[in-house]
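Engineer: Next comes the structure file structure08.csv, holding CSV, C-alpha atoms.
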```csv
chain,number,residue,atom,x,y,z
A,26,MET,CA,100.1,51.0,13.0
A,27,THR,CA,100.1,54.3,14.9
A,28,THR,CA,103.0,54.7,17.2
A,29,SER,CA,102.0,55.3,20.8
A,30,LEU,CA,103.2,58.3,22.6
A,31,ILE,CA,105.3,57.5,25.7
A,32,PHE,CA,107.6,60.5,26.6
A,33,THR,CA,104.9,63.2,26.9
A,34,THR,CA,106.2,65.3,29.8
A,35,GLU,CA,109.3,67.6,30.1
A,36,PRO,CA,111.1,65.3,32.6
A,37,LEU,CA,110.4,62.2,30.5
A,38,ALA,CA,111.5,63.8,27.3
A,39,THR,CA,114.7,65.2,28.6
A,40,ARG,CA,115.7,61.9,30.2
A,41,ALA,CA,114.9,60.1,27.0
A,42,LEU,CA,117.1,62.6,25.1
A,43,ALA,CA,119.9,61.9,27.6
A,44,ALA,CA,119.6,58.2,27.0
A,45,GLU,CA,119.8,58.8,23.2
A,46,ILE,CA,123.0,60.8,23.7
A,47,ARG,CA,124.5,58.1,25.8
A,48,HIS,CA,123.5,55.4,23.3
A,49,ASN,CA,124.9,57.2,20.2
A,50,HIS,CA,126.5,60.6,20.9
A,51,ALA,CA,128.5,61.1,17.7
A,52,HIS,CA,126.1,63.2,15.6
A,53,PHE,CA,124.9,65.2,18.6
A,54,VAL,CA,128.4,66.1,19.6
A,55,GLU,CA,129.0,67.4,16.1
A,56,ALA,CA,125.9,69.5,16.5
A,57,LEU,CA,127.2,70.9,19.8
A,58,ALA,CA,130.5,71.6,18.2
A,59,ALA,CA,128.8,73.8,15.6
A,60,HIS,CA,127.5,75.9,18.5
A,61,VAL,CA,130.5,75.9,20.9
A,62,GLY,CA,133.5,75.3,18.6
A,63,GLU,CA,135.0,71.9,17.9
A,64,ASP,CA,138.4,72.7,19.4
A,65,ARG,CA,136.8,73.4,22.8
A,66,LEU,CA,134.9,70.2,23.3
A,67,GLY,CA,137.7,67.6,23.7
A,68,ARG,CA,136.7,63.9,24.1
A,69,PHE,CA,133.2,62.9,25.0
A,70,ALA,CA,133.2,61.3,28.4
A,71,ASP,CA,129.7,61.2,29.9
A,72,VAL,CA,126.1,62.4,29.8
A,73,ARG,CA,124.2,63.2,33.0
A,74,ALA,CA,120.7,64.3,34.0
A,75,GLU,CA,119.9,66.9,36.7
A,76,TYR,CA,123.5,68.0,36.7
A,77,GLY,CA,125.2,69.9,39.5
A,78,GLU,CA,123.8,72.1,42.2
A,79,GLN,CA,121.6,73.9,39.7
A,80,LYS,CA,120.0,70.7,38.4
A,81,ILE,CA,120.6,71.4,34.7
A,82,ASP,CA,118.4,69.1,32.7
A,83,ILE,CA,121.2,67.4,30.8
A,84,ALA,CA,125.0,67.8,31.0
A,85,VAL,CA,127.3,66.5,28.3
A,86,VAL,CA,130.8,66.1,29.8
A,87,PHE,CA,134.1,66.2,27.8
A,88,THR,CA,137.7,65.6,28.9
A,89,GLU,CA,141.0,66.6,27.6
A,90,PRO,CA,140.3,69.4,28.1
A,91,GLY,CA,137.5,69.3,30.6
A,92,PHE,CA,134.4,71.0,29.4
A,93,VAL,CA,130.7,70.8,30.3
A,94,VAL,CA,127.8,71.7,27.9
A,95,GLY,CA,124.6,72.1,29.8
A,96,ILE,CA,121.3,71.6,28.0
A,97,GLU,CA,118.2,73.3,29.5
A,98,ALA,CA,115.0,72.2,27.9
A,99,LYS,CA,111.9,74.4,28.2
A,100,PHE,CA,108.3,73.6,27.3
A,101,ASP,CA,105.9,75.8,29.3
A,102,HIS,CA,108.1,77.1,32.1
A,103,THR,CA,109.8,80.5,32.0
A,104,LEU,CA,113.5,80.7,31.3
A,105,THR,CA,114.9,83.6,33.4
A,106,GLU,CA,118.2,85.5,33.2
A,107,ASP,CA,118.8,84.5,36.8
A,108,GLN,CA,118.4,80.8,36.0
A,109,VAL,CA,120.9,81.1,33.1
A,110,ASP,CA,123.4,82.9,35.3
A,111,ARG,CA,123.2,80.2,37.9
A,112,GLU,CA,123.5,77.3,35.4
A,113,LEU,CA,126.5,78.9,33.8
A,114,THR,CA,128.3,78.6,37.2
A,115,VAL,CA,128.4,74.8,36.7
A,116,ALA,CA,128.4,74.6,32.9
A,117,ASP,CA,131.0,76.1,30.5
A,118,HIS,CA,128.3,76.6,27.8
A,119,LEU,CA,124.5,76.4,28.0
A,120,VAL,CA,122.3,75.2,25.1
A,121,VAL,CA,118.6,76.1,25.5
A,122,LEU,CA,116.4,73.5,23.9
A,123,LEU,CA,113.0,74.8,22.6
A,124,LEU,CA,110.2,73.6,20.4
A,125,GLU,CA,110.5,76.7,18.2
A,126,ARG,CA,113.2,79.4,17.9
A,127,GLU,CA,110.4,82.0,18.2
A,128,HIS,CA,109.8,80.8,21.8
A,129,ALA,CA,113.2,82.1,22.9
A,130,PRO,CA,113.2,85.2,25.2
A,131,GLU,CA,114.4,88.3,23.5
A,132,TRP,CA,117.4,88.7,25.8
A,133,LEU,CA,118.9,85.3,25.1
A,134,ARG,CA,120.4,86.3,21.8
A,135,TYR,CA,122.7,88.7,23.7
A,136,ARG,CA,124.0,86.3,26.3
A,137,GLU,CA,127.5,85.0,26.1
A,138,ARG,CA,128.2,81.3,26.4
A,139,THR,CA,124.7,80.4,25.4
A,140,SER,CA,123.1,78.9,22.2
A,141,LEU,CA,119.7,78.0,21.0
A,142,MET,CA,118.7,74.6,19.5
A,143,THR,CA,115.3,73.2,18.6
A,144,TRP,CA,114.1,69.8,19.5
A,145,GLU,CA,113.8,69.0,15.8
A,146,GLU,CA,117.5,69.8,15.3
A,147,ALA,CA,118.4,67.7,18.3
A,148,LEU,CA,116.4,64.6,17.3
A,149,GLU,CA,117.8,64.7,13.8
A,150,CYS,CA,121.1,63.6,15.3
A,151,PHE,CA,119.5,60.3,16.2
A,152,PRO,CA,118.2,58.5,13.0
A,153,GLN,CA,116.5,55.7,15.0
A,154,SER,CA,115.6,57.8,18.1
A,155,ARG,CA,113.1,56.2,20.4
A,156,LEU,CA,112.1,59.7,21.4
A,157,THR,CA,110.0,61.3,18.7
A,158,LEU,CA,109.2,64.8,17.7
A,159,ALA,CA,105.5,64.0,18.0
A,160,GLU,CA,106.0,63.1,21.7
A,161,VAL,CA,107.9,66.3,22.3
A,162,ARG,CA,105.1,68.3,20.7
A,163,ALA,CA,102.6,66.4,22.8
A,164,ALA,CA,104.1,67.8,25.9
A,165,ARG,CA,102.4,70.9,27.1
A,166,SER,CA,103.8,73.9,25.2
A,167,GLY,CA,100.8,76.2,25.4
A,168,LYS,CA,102.5,79.1,27.2
A,169,SER,CA,105.4,79.2,24.7
A,170,ALA,CA,103.1,79.2,21.7
A,171,VAL,CA,101.0,82.0,23.2
A,172,GLU,CA,104.1,83.9,24.2
A,173,ALA,CA,105.5,83.6,20.6
A,174,ARG,CA,102.2,85.1,19.3
A,175,LEU,CA,102.2,87.9,21.7
A,176,ARG,CA,105.8,88.8,20.8
A,177,GLN,CA,104.7,89.4,17.3
A,178,LEU,CA,102.7,92.4,18.6
A,179,ILE,CA,105.7,94.2,20.0
A,180,GLU,CA,107.3,95.6,16.8
A,181,PRO,CA,104.2,97.0,15.3
A,182,ALA,CA,103.2,98.4,18.7
A,183,GLN,CA,106.6,100.1,19.0
A,184,LEU,CA,106.2,101.6,15.6
A,185,ARG,CA,102.8,103.1,16.5
A,186,LEU,CA,103.7,104.3,20.0
A,187,GLY,CA,107.2,105.5,19.3
A,188,PRO,CA,110.7,104.6,20.5
A,189,ASP,CA,110.4,106.3,23.9
A,190,TRP,CA,107.8,103.7,25.0
A,191,ALA,CA,109.1,100.5,26.7
A,192,ILE,CA,107.5,97.3,25.6
A,193,ASP,CA,108.5,93.8,26.7
A,194,SER,CA,107.1,90.3,27.0
A,195,ARG,CA,108.0,89.4,30.5
A,196,ARG,CA,105.5,87.0,32.2
A,197,GLY,CA,103.5,88.3,35.0
A,198,GLY,CA,103.5,87.1,38.6
A,199,SER,CA,101.3,84.2,37.8
A,200,GLY,CA,103.7,83.0,35.1
A,201,MET,CA,101.2,83.7,32.3
A,202,PRO,CA,102.4,85.1,29.0
A,203,ALA,CA,102.1,88.8,28.7
A,204,VAL,CA,103.1,92.0,26.9
A,205,ASN,CA,103.8,95.0,29.1
A,206,PHE,CA,103.7,98.7,28.0
A,207,TYR,CA,105.3,101.7,29.7
A,208,SER,CA,104.9,105.2,28.5
A,209,PRO,CA,107.6,107.9,28.9
A,210,MET,CA,107.3,109.6,32.3
A,211,LEU,CA,104.5,112.2,32.8
A,212,GLY,CA,106.0,114.1,35.7
A,213,ASP,CA,106.1,111.5,38.5
A,214,ALA,CA,103.8,109.1,36.8
A,215,GLN,CA,103.4,107.1,33.6
A,216,LEU,CA,100.8,105.1,31.7
A,217,ARG,CA,101.2,101.4,31.9
A,218,ALA,CA,99.3,98.4,30.4
A,219,VAL,CA,99.5,94.6,30.2
A,220,LEU,CA,98.0,92.3,27.6
A,221,GLN,CA,98.0,88.8,29.0
A,222,VAL,CA,96.3,85.5,29.4
A,223,ALA,CA,93.2,86.2,31.5
A,224,GLN,CA,93.6,83.4,34.0
A,225,ARG,CA,96.1,82.0,36.4
A,226,ALA,CA,96.6,78.7,34.5
A,227,MET,CA,96.6,77.7,30.9
A,228,PRO,CA,93.4,76.0,29.7
A,229,PRO,CA,93.5,72.3,28.6
A,230,ALA,CA,95.0,71.7,25.2
A,231,GLY,CA,92.6,72.5,22.5
A,232,ASP,CA,90.5,74.9,24.5
A,233,PRO,CA,90.4,78.6,23.7
A,234,VAL,CA,93.0,80.8,25.4
A,235,PRO,CA,91.4,83.9,26.8
A,236,LEU,CA,93.2,87.2,26.8
A,237,ARG,CA,92.5,90.7,28.1
A,238,PHE,CA,94.3,93.9,28.8
A,239,SER,CA,94.5,96.2,31.8
A,240,VAL,CA,95.5,99.8,31.2
A,241,GLY,CA,96.0,102.6,33.7
A,242,VAL,CA,98.1,105.3,35.2
A,243,SER,CA,100.8,104.3,37.6
A,244,VAL,CA,100.2,104.2,41.4
A,245,LYS,CA,101.9,103.0,44.5
A,246,ALA,CA,100.4,101.5,47.6
A,247,ASP,CA,101.1,104.7,49.6
A,248,SER,CA,99.4,107.8,51.0
A,249,THR,CA,100.2,109.8,47.9
A,250,SER,CA,98.3,107.6,45.6
A,251,TYR,CA,95.7,106.8,48.2
A,252,PRO,CA,95.3,109.6,50.7
A,253,ARG,CA,93.4,109.1,54.0
A,254,ASP,CA,90.9,111.8,53.1
A,255,PRO,CA,88.5,110.4,50.5
A,256,ALA,CA,87.7,113.9,49.3
A,257,ALA,CA,91.4,114.5,48.3
A,258,THR,CA,92.1,114.2,44.6
A,259,PRO,CA,95.2,112.1,43.8
A,260,MET,CA,96.5,112.6,40.3
A,261,TRP,CA,95.0,109.3,39.0
A,262,VAL,CA,91.5,110.6,39.6
A,263,ASP,CA,92.0,113.4,37.1
A,264,ALA,CA,93.9,111.1,34.7
A,265,VAL,CA,91.1,108.6,34.6
A,266,ARG,CA,88.5,111.3,34.0
A,267,ARG,CA,90.6,112.5,31.0
A,268,LEU,CA,90.7,109.0,29.8
A,269,GLN,CA,86.9,108.8,29.9
A,270,LYS,CA,86.3,112.2,28.4
A,271,ASP,CA,89.1,112.6,25.8
A,272,VAL,CA,89.7,109.0,24.8
A,273,ILE,CA,86.8,106.6,25.5
A,274,GLY,CA,83.7,108.7,25.2
A,275,ASP,CA,80.9,106.6,23.8
A,276,ARG,CA,83.2,104.0,22.4
A,277,VAL,CA,83.3,101.5,25.3
A,278,ASP,CA,82.2,98.6,23.2
A,279,GLU,CA,84.3,99.6,20.1
A,280,LEU,CA,87.4,99.7,22.3
A,281,HIS,CA,86.4,96.3,23.8
A,282,LEU,CA,86.3,97.6,27.3
A,283,SER,CA,84.6,95.8,30.2
A,284,ARG,CA,82.1,97.6,32.4
A,285,ARG,CA,82.8,95.2,35.2
A,286,ARG,CA,83.4,97.2,38.4
A,287,PRO,CA,86.4,96.7,40.7
A,288,SER,CA,85.9,94.4,43.6
A,289,SER,CA,84.8,95.8,46.9
A,290,ALA,CA,85.6,92.6,48.7
A,291,HIS,CA,87.3,93.0,52.1
A,292,VAL,CA,91.1,93.0,52.0
A,293,SER,CA,93.0,92.6,55.3
A,294,SER,CA,93.9,96.0,56.6
A,295,LYS,CA,97.0,94.5,58.2
A,296,THR,CA,98.9,94.7,54.9
A,297,ILE,CA,100.1,97.8,53.1
A,298,ASN,CA,98.1,96.8,50.0
A,299,GLY,CA,95.0,96.1,52.1
A,300,ARG,CA,95.1,99.6,53.7
A,301,ALA,CA,95.6,101.1,50.3
A,302,HIS,CA,92.7,99.1,48.9
A,303,ALA,CA,90.4,100.4,51.5
A,304,ARG,CA,91.4,104.0,50.9
A,305,LYS,CA,91.0,103.5,47.1
A,306,LEU,CA,87.5,102.3,47.5
A,307,ALA,CA,86.6,105.4,49.6
A,308,ILE,CA,88.2,107.7,47.0
A,309,VAL,CA,86.3,106.0,44.2
A,310,ASP,CA,83.0,106.3,46.1
A,311,HIS,CA,83.6,110.0,46.5
A,312,HIS,CA,84.8,110.9,43.0
A,313,PHE,CA,83.0,108.5,40.7
A,314,GLU,CA,79.3,107.7,40.0
A,315,ASP,CA,78.4,104.1,40.5
A,316,LYS,CA,78.0,103.6,36.8
A,317,ASP,CA,81.6,104.7,36.2
A,318,ARG,CA,83.4,102.6,38.8
A,319,TRP,CA,84.6,100.2,36.0
A,320,LEU,CA,87.1,102.9,35.0
A,321,THR,CA,89.0,102.3,38.3
A,322,THR,CA,90.0,98.7,38.3
A,323,GLY,CA,93.7,97.8,37.9
A,324,TYR,CA,96.3,96.6,40.4
A,325,ILE,CA,96.5,98.4,43.7
A,326,ASP,CA,100.3,98.9,43.6
A,327,TRP,CA,100.7,99.3,39.8
A,328,ILE,CA,97.8,101.0,37.9
A,329,VAL,CA,94.4,102.4,38.2
A,330,GLY,CA,92.3,102.2,35.0
A,331,PRO,CA,89.9,100.0,33.0
A,332,ALA,CA,90.3,96.5,31.8
A,333,SER,CA,89.1,94.9,28.5
A,334,GLN,CA,86.6,92.2,27.7
A,335,ARG,CA,88.1,88.7,27.4
A,336,MET,CA,88.7,87.6,23.8
A,337,PRO,CA,90.3,84.4,22.4
A,338,LEU,CA,93.9,84.3,21.2
A,339,GLU,CA,92.6,84.3,17.6
A,340,HIS,CA,91.4,87.9,18.1
A,341,VAL,CA,94.4,89.2,20.0
A,342,GLY,CA,95.0,91.7,17.1
A,343,ARG,CA,91.7,93.4,18.0
A,344,LEU,CA,92.7,93.8,21.6
A,345,ALA,CA,96.1,95.0,20.7
A,346,ASP,CA,94.7,97.6,18.3
A,347,ALA,CA,92.3,98.9,20.9
A,348,LEU,CA,94.9,99.0,23.6
A,349,ILE,CA,97.5,100.9,21.5
A,350,GLU,CA,94.9,103.5,20.5
A,351,ILE,CA,94.0,104.0,24.1
A,352,LEU,CA,97.6,104.4,25.2
A,353,ASP,CA,98.5,106.7,22.3
A,354,ARG,CA,95.5,109.1,22.8
A,355,TRP,CA,95.6,109.0,26.6
A,356,TYR,CA,99.3,109.8,26.6
A,357,ARG,CA,98.7,112.8,24.4
A,358,ALA,CA,95.9,114.0,26.6
A,359,GLU,CA,98.1,113.6,29.8
A,360,ALA,CA,101.1,115.4,28.1
A,361,GLU,CA,98.8,118.3,27.1
A,362,ALA,CA,97.4,118.5,30.6
A,363,LEU,CA,100.9,118.6,32.1
A,364,LEU,CA,101.8,121.4,29.8
A,365,ASP,CA,98.7,123.4,30.8
A,366,ALA,CA,99.2,122.8,34.5
A,367,PRO,CA,100.3,125.9,36.5
A,368,PRO,CA,104.0,126.0,37.4
```
Would you mind writing the file's structure down as structure tokens?

Structural biologist:
Amino acid sequence: MTTSLIFTTEPLATRALAAEIRHNHAHFVEALAAHVGEDRLGRFADVRAEYGEQKIDIAVVFTEPGFVVGIEAKFDHTLTEDQVDRELTVADHLVVLLLEREHAPEWLRYRERTSLMTWEEALECFPQSRLTLAEVRAARSGKSAVEARLRQLIEPAQLRLGPDWAIDSRRGGSGMPAVNFYSPMLGDAQLRAVLQVAQRAMPPAGDPVPLRFSVGVSVKADSTSYPRDPAATPMWVDAVRRLQKDVIGDRVDELHLSRRRPSSAHVSSKTINGRAHARKLAIVDHHFEDKDRWLTTGYIDWIVGPASQRMPLEHVGRLADALIEILDRWYRAEAEALLDAPP
């Protein structure tokens, strides 16, 4: 008979784990001791859920001496450094519980008073656990899995672009997995890019995960990047032209670039970004032919440049290869232009 899945959300799974610890804590405490140090734990006293002001998922409390091990379980939600800092104000040590070790953020390995444990390692402590690994895996873990795949791109990208480039896997404002690229400075600007999930929410389990990249030269939502006079030529105009001439040429499809033009929808002029958006549209109208407007997408206060076509996660290597080639060749073109510029 197939066992039915019961604990299939993060809150249900963490509370079920807390119940297992309370029912039979011995082996789990041994596992914690391997992370923390047996001499520091003292005597097991209690297990609690939503512990303290920071609402840590699970807290295992010891006495003689007093010691609290916090357990923070993550499925799809982002673990931030700020969250760890706050939780360590109410726990003496924090164990981060993940489906796979590869899902851990890069900075976690350097944090003091923290450890990493997988759900499989935790559940092995309970030979007759009512919470199963199948249930844990049934809980949504799409973001973490995508994030782990994207992190695999960082090392080869760093080797190709060089050590002076900054590359990280911090999630964007919508909380979607992403890899971000930052070139060395080019005067007061730099090239930037993001390869990320191409929507604001993860698709249903089993559906393709769409990805795309945006690449461009840095801008700010101010009068330097977007002057009032549309005939003025901010530096991004010339940079985008060099991208088109020296990098893209007739390889738009080969580099998986999208010809979708930037939105001309009205943005409230009462905001800084809204005013900058209106000025950008006027500058694009003046400097670029209608057929080339796709070169000037991006984010109004971050970059101006093109975006890629959407491709499924299975083809992320193709997107990454195209993006890295664009960044490498564009940076060389910008560096050469900077050297040739009059003093």

Engineer: Taking 6 positions as the minimum chain separation for residues in the same chain, which residues sit within 9 Å of region 359-361 of chain A when counting only C-alpha atoms? Answer as a list of chain:residue names.

Structural biologist: A:Leu211, A:Ala264, A:Arg267, A:Leu268

Engineer: Quick one: of A:Ile81, A:Ala70, A:Leu141, A:Val234, who's nearest to Leu113 (chain A), counting only C-alpha atoms?

Structural biologist: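 Smallest separation from Leu113 (chain A) among the options: A:Ile81.
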
Engineer: Which residues, written as a list of chain:residue names, have at least one atom at most 9 Å from Gln221 (chain A), with all atoms listed in the file counted and residues fewer than 3 positions away on the same chain left out?

Structural biologist: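 So, after excluding close chain neighbours, the residues are A:Leu175, A:Arg196, A:Gly197, A:Met201, A:Pro202, A:Ala203, A:Val204, A:Asn205, A:Gln224, A:Pro235, A:Leu236, A:Arg237, A:Phe238, A:Ser239.
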
Engineer: Taking into account all atoms listed in the file, which residue in the set A:Gly77, A:Glu160, A:Asp247, A:Arg266 is nearest to Arg318 (chain A)?

Structural biologist: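 Of the candidates, the smallest distance to Arg318 (chain A) is held by A:Arg266.
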
Engineer: Which distance in Å separates CA of Gln79 (chain A) and CA of Val115 (chain A), to one decimal?

Structural biologist: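 Separation between CA of Gln79 (chain A) and CA of Val115 (chain A): 7.5 Å.
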
Engineer: Counting all atoms listed in the file, what is within 10 Å of Asp189 (chain A), bar same-chain residues fewer than 3 positions away, as a PyMOL selection string?

Structural biologist: chain A and resi 183+186+192+207-210

Engineer: Taking all atoms listed in the file into account, which of A:Leu37, A:Leu220, A:Val329, A:Ile31 comes nearest Asp82 (chain A)?

Structural biologist: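 Answer, going by the shortest atom-to-atom distance: A:Leu37.
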